[in-house]
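Q: Quick one: the structure is below, and I'll ask about it shortly.
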Amino acid sequence: MTDNLAEEGRGVNIDLSGKTALVTGASRGIGRGCALELARRGADVAINFRSHPEEAEEVAGEVQALGRKAVLVQADVADAEEVEEMIARTVSELGGLDYFISNAAYSDRQRMLAADLDGFRRTVDVTMWGAFYGVRAAAAQMVRQERGGSIVVVSSPHAVIAIPTSMAYNMSKAAIDHMARTAAIELAEYRIRVNIVHPGWIDTPGERKFFTEEQLEQGAKGLPWGRLGQPEEIGRAVTFLCSDAADYMTGGTLTMDGGVSLPWWSNRDAGAQ
């Protein structure tokens, strides 16, 4: 009974029928979760990818199986011209743009003194500049349409927690948080909402770049909530922020991290007291 009620509650006031969305980095992980949740709520979805074309096609197939239109849009978000073309293609294929989800990111992890600067710059180019190019181009399109819209920036607790070996990623996420809040102020007059999501440690293919399955399993047990998050959970948060249910929310940050941002390390000996 409880599970059924919780499942029904997720759908309250969230009907995106007739709306169009573009999700960057949507071929896998959190981007995939966002694309599918938006489609489940009725939106047609443009699926951006740079690599992993087969996985992007699988996502498109799943969107179509839900009865929604899907458009594959290949683009490197770190290239401003490609981002402009990505927006134009989305509008041409889907008839407009109501929701933009900035999700694509890249991360190399090394300590600052040993960092390969090519990887460092690539992290900043994709994670920071890529988010800015997308938000700017999407907002410009929404302004032209004169019907408002919603932009969601997928950021990270890295924006506020100085995690070692992740300086470029930390810097970039901190920057896009401030970018999103500034955009929210500038776009309010156009009825375009801009919000941020902070996912925690999510079970995605990208995590396998840094951790083995055993490390992920053991690390999950040490988290406050005792498990990794799932991409579809972040997708539900993003879908809420896009919907009319969040109409009074702009410039805000929705944290869905299983308690990672809490001082959970300070509670390790609490059970013995």
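Ordering of the structure tokens sets the chain letters (A, B, ...); residue numbers start at 1 within each chain; ligands are numbered from 1 in the order shown.
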Quick one: residues within 10 Å of Leu216 of chain A, only C-alpha atoms counted, chain neighbours fewer than 4 positions away excluded, as a tab-separated table (two decimals) with C-alpha atoms, in the first residue's frame?

A:
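Final file, around_20.tsv:
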```
chain	number	residue	atom	x	y	z
A	201	TRP	CA	26.94	9.47	-5.70
A	202	ILE	CA	24.86	7.98	-8.51
A	203	ASP	CA	25.20	4.51	-10.01
A	207	GLU	CA	31.64	6.10	-12.07
A	208	ARG	CA	33.35	3.02	-13.50
A	210	PHE	CA	37.21	5.87	-11.25
A	211	PHE	CA	36.01	2.88	-9.22
A	212	THR	CA	35.73	-0.90	-9.47
A	220	ALA	CA	27.78	2.78	-1.01
A	221	LYS	CA	27.52	1.00	2.33
A	227	ARG	CA	23.26	2.96	-1.17
A	228	LEU	CA	24.10	4.72	-4.41
```

Q: Contacts of Arg121 of chain A at 10 Å or less, counting only C-alpha atoms, minus same-chain residues fewer than 3 places along, as an MDAnalysis selection string?

A: chainID A and resid 107:108 116:118 124:127 168:169

Q: Name the residues of segment 42-106 of chain A that come out as alpha helix (DSSP H) in a backbone DSSP run; write them as a PDB file with C-alpha atoms, in the first residue's frame.

A:
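Output contents, as saved in result_17.pdb:
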```
ATOM      1  CA  PRO A  53      25.899   6.648 -30.426  1.00  0.00           C
ATOM      2  CA  GLU A  54      24.551   3.137 -29.918  1.00  0.00           C
ATOM      3  CA  GLU A  55      23.478   3.929 -26.378  1.00  0.00           C
ATOM      4  CA  ALA A  56      21.903   7.191 -27.560  1.00  0.00           C
ATOM      5  CA  GLU A  57      19.883   5.227 -30.114  1.00  0.00           C
ATOM      6  CA  GLU A  58      18.724   2.879 -27.350  1.00  0.00           C
ATOM      7  CA  VAL A  59      17.501   5.854 -25.311  1.00  0.00           C
ATOM      8  CA  ALA A  60      15.676   7.207 -28.366  1.00  0.00           C
ATOM      9  CA  GLY A  61      14.006   3.825 -28.830  1.00  0.00           C
ATOM     10  CA  GLU A  62      12.853   3.796 -25.212  1.00  0.00           C
ATOM     11  CA  VAL A  63      11.456   7.319 -25.537  1.00  0.00           C
ATOM     12  CA  GLN A  64       9.549   6.309 -28.660  1.00  0.00           C
ATOM     13  CA  ALA A  65       8.266   3.180 -26.933  1.00  0.00           C
ATOM     14  CA  ALA A  80      29.566  27.012 -28.938  1.00  0.00           C
ATOM     15  CA  GLU A  81      28.701  26.683 -32.627  1.00  0.00           C
ATOM     16  CA  GLU A  82      27.711  23.053 -32.235  1.00  0.00           C
ATOM     17  CA  VAL A  83      25.513  23.989 -29.294  1.00  0.00           C
ATOM     18  CA  GLU A  84      23.721  26.633 -31.381  1.00  0.00           C
ATOM     19  CA  GLU A  85      23.163  24.034 -34.104  1.00  0.00           C
ATOM     20  CA  MET A  86      21.905  21.557 -31.492  1.00  0.00           C
ATOM     21  CA  ILE A  87      19.255  24.030 -30.311  1.00  0.00           C
ATOM     22  CA  ALA A  88      18.239  24.856 -33.890  1.00  0.00           C
ATOM     23  CA  ARG A  89      17.910  21.178 -34.769  1.00  0.00           C
ATOM     24  CA  THR A  90      15.778  20.511 -31.704  1.00  0.00           C
ATOM     25  CA  VAL A  91      13.428  23.354 -32.571  1.00  0.00           C
ATOM     26  CA  SER A  92      13.231  22.281 -36.201  1.00  0.00           C
ATOM     27  CA  GLU A  93      12.443  18.652 -35.353  1.00  0.00           C
ATOM     28  CA  LEU A  94      10.218  19.126 -32.299  1.00  0.00           C
TER      29      LEU A  94
END
```

Q: Give me, as a tab-separated table, each residue of segment 77-187 of chain A that comes within 9 Å of segment 252-261 of chain A, together with its shortest interatomic pair and the distance in Å at one decimal, counting only C-alpha atoms, with rows ordered by chain and rising residue number.

A:
```
residue	atom	partner	partner_atom	distance
A:Ser156	CA	A:Thr255	CA	8.6
A:Pro157	CA	A:Ser261	CA	6.6
A:Val160	CA	A:Ser261	CA	8.7
A:Ile161	CA	A:Ser261	CA	7.8
A:Asp177	CA	A:Thr253	CA	8.5
A:Ala180	CA	A:Gly252	CA	8.9
A:Arg181	CA	A:Gly252	CA	7.4
A:Ala184	CA	A:Gly252	CA	8.8
```

Q: Select from segment 202-273 of chain A every residue with an atom at most 12 Å from any atom of segment 41-45 of chain A, then for each give the shortest pair of atoms and their distance in Å to one decimal, using only C-alpha atoms, rows by chain and rising number, as CSV.

A:
```
residue,atom,partner,partner_atom,distance
A:Gly235,CA,A:Arg41,CA,10.9
A:Arg236,CA,A:Arg41,CA,9.7
A:Val238,CA,A:Arg41,CA,11.5
A:Thr239,CA,A:Arg41,CA,7.9
A:Phe240,CA,A:Arg41,CA,9.9
A:Cys242,CA,A:Ala43,CA,10.5
A:Ser243,CA,A:Arg41,CA,9.5
```

Q: Export N, CA and C atoms of the chosen residues as a short mmCIF file (atom, residue, chain, number, x, y, z; two decimals), in the first residue's frame?

A:
```cif
data_model
loop_
_atom_site.label_atom_id
_atom_site.label_comp_id
_atom_site.auth_asym_id
_atom_site.auth_seq_id
_atom_site.Cartn_x
_atom_site.Cartn_y
_atom_site.Cartn_z
N GLY A 235 16.25 11.91 -12.47
CA GLY A 235 15.30 12.24 -13.53
C GLY A 235 13.98 12.73 -12.97
N ARG A 236 13.51 12.12 -11.89
CA ARG A 236 12.25 12.56 -11.28
C ARG A 236 12.39 13.96 -10.67
N VAL A 238 14.45 16.30 -11.74
CA VAL A 238 14.51 17.23 -12.87
C VAL A 238 13.12 17.45 -13.46
N THR A 239 12.36 16.38 -13.58
CA THR A 239 11.01 16.49 -14.13
C THR A 239 10.13 17.37 -13.26
N PHE A 240 10.26 17.23 -11.96
CA PHE A 240 9.52 18.10 -11.05
C PHE A 240 9.88 19.56 -11.29
N CYS A 242 10.95 20.97 -13.92
CA CYS A 242 10.43 21.43 -15.21
C CYS A 242 8.94 21.71 -15.14
N SER A 243 8.24 21.03 -14.28
CA SER A 243 6.77 21.04 -14.28
C SER A 243 6.19 22.27 -13.63
#
```

Q: Can you pull out every residue within 6 Å of segment 145-151 of chain A, counting only C-alpha atoms, but drop anything in the same chain fewer than 2 positions away, and send it as a ChimeraX atom specification?

A: /A:98-101,142-143,190-194,242

Q: How would the residues just chosen look if you wrote them out with N, CA and C atoms as a tab-separated table (two decimals), in the first residue's frame?

A:
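Output file selection.tsv is given in full below:
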```tsv
chain	number	residue	atom	x	y	z
A	98	ASP	N	10.78	23.83	-24.67
A	98	ASP	CA	10.18	24.23	-23.39
A	98	ASP	C	11.10	23.99	-22.21
A	99	TYR	N	11.89	22.91	-22.27
A	99	TYR	CA	12.76	22.54	-21.16
A	99	TYR	C	14.16	22.26	-21.68
A	100	PHE	N	15.15	22.79	-20.99
A	100	PHE	CA	16.54	22.49	-21.31
A	100	PHE	C	17.21	21.96	-20.06
A	101	ILE	N	17.81	20.78	-20.17
A	101	ILE	CA	18.51	20.16	-19.06
A	101	ILE	C	19.99	20.09	-19.39
A	142	MET	N	14.07	30.35	-25.95
A	142	MET	CA	12.85	30.51	-25.16
A	142	MET	C	12.35	31.96	-25.17
A	143	VAL	N	13.27	32.90	-25.14
A	143	VAL	CA	12.88	34.31	-25.21
A	143	VAL	C	12.20	34.60	-26.55
A	190	TYR	N	11.21	37.09	-18.36
A	190	TYR	CA	10.71	36.33	-19.51
A	190	TYR	C	9.94	35.08	-19.08
A	191	ARG	N	9.74	34.93	-17.77
A	191	ARG	CA	9.06	33.76	-17.20
A	191	ARG	C	9.80	32.47	-17.53
A	192	ILE	N	11.11	32.57	-17.52
A	192	ILE	CA	11.97	31.39	-17.70
A	192	ILE	C	12.60	31.08	-16.35
A	193	ARG	N	12.30	29.92	-15.82
A	193	ARG	CA	12.84	29.51	-14.52
A	193	ARG	C	14.15	28.76	-14.72
A	194	VAL	N	15.11	28.99	-13.82
A	194	VAL	CA	16.40	28.30	-13.86
A	194	VAL	C	16.68	27.74	-12.48
A	242	CYS	N	10.95	20.97	-13.92
A	242	CYS	CA	10.43	21.43	-15.21
A	242	CYS	C	8.94	21.71	-15.14
```

Q: Quick check for you: according to DSSP on this backbone, which residues of segment 49-241 of chain A are classed as strand (DSSP E or B)? Reply as a PyMOL selection string.

A: chain A and resi 49+70-74+99-102+149-154+192-199+202+229
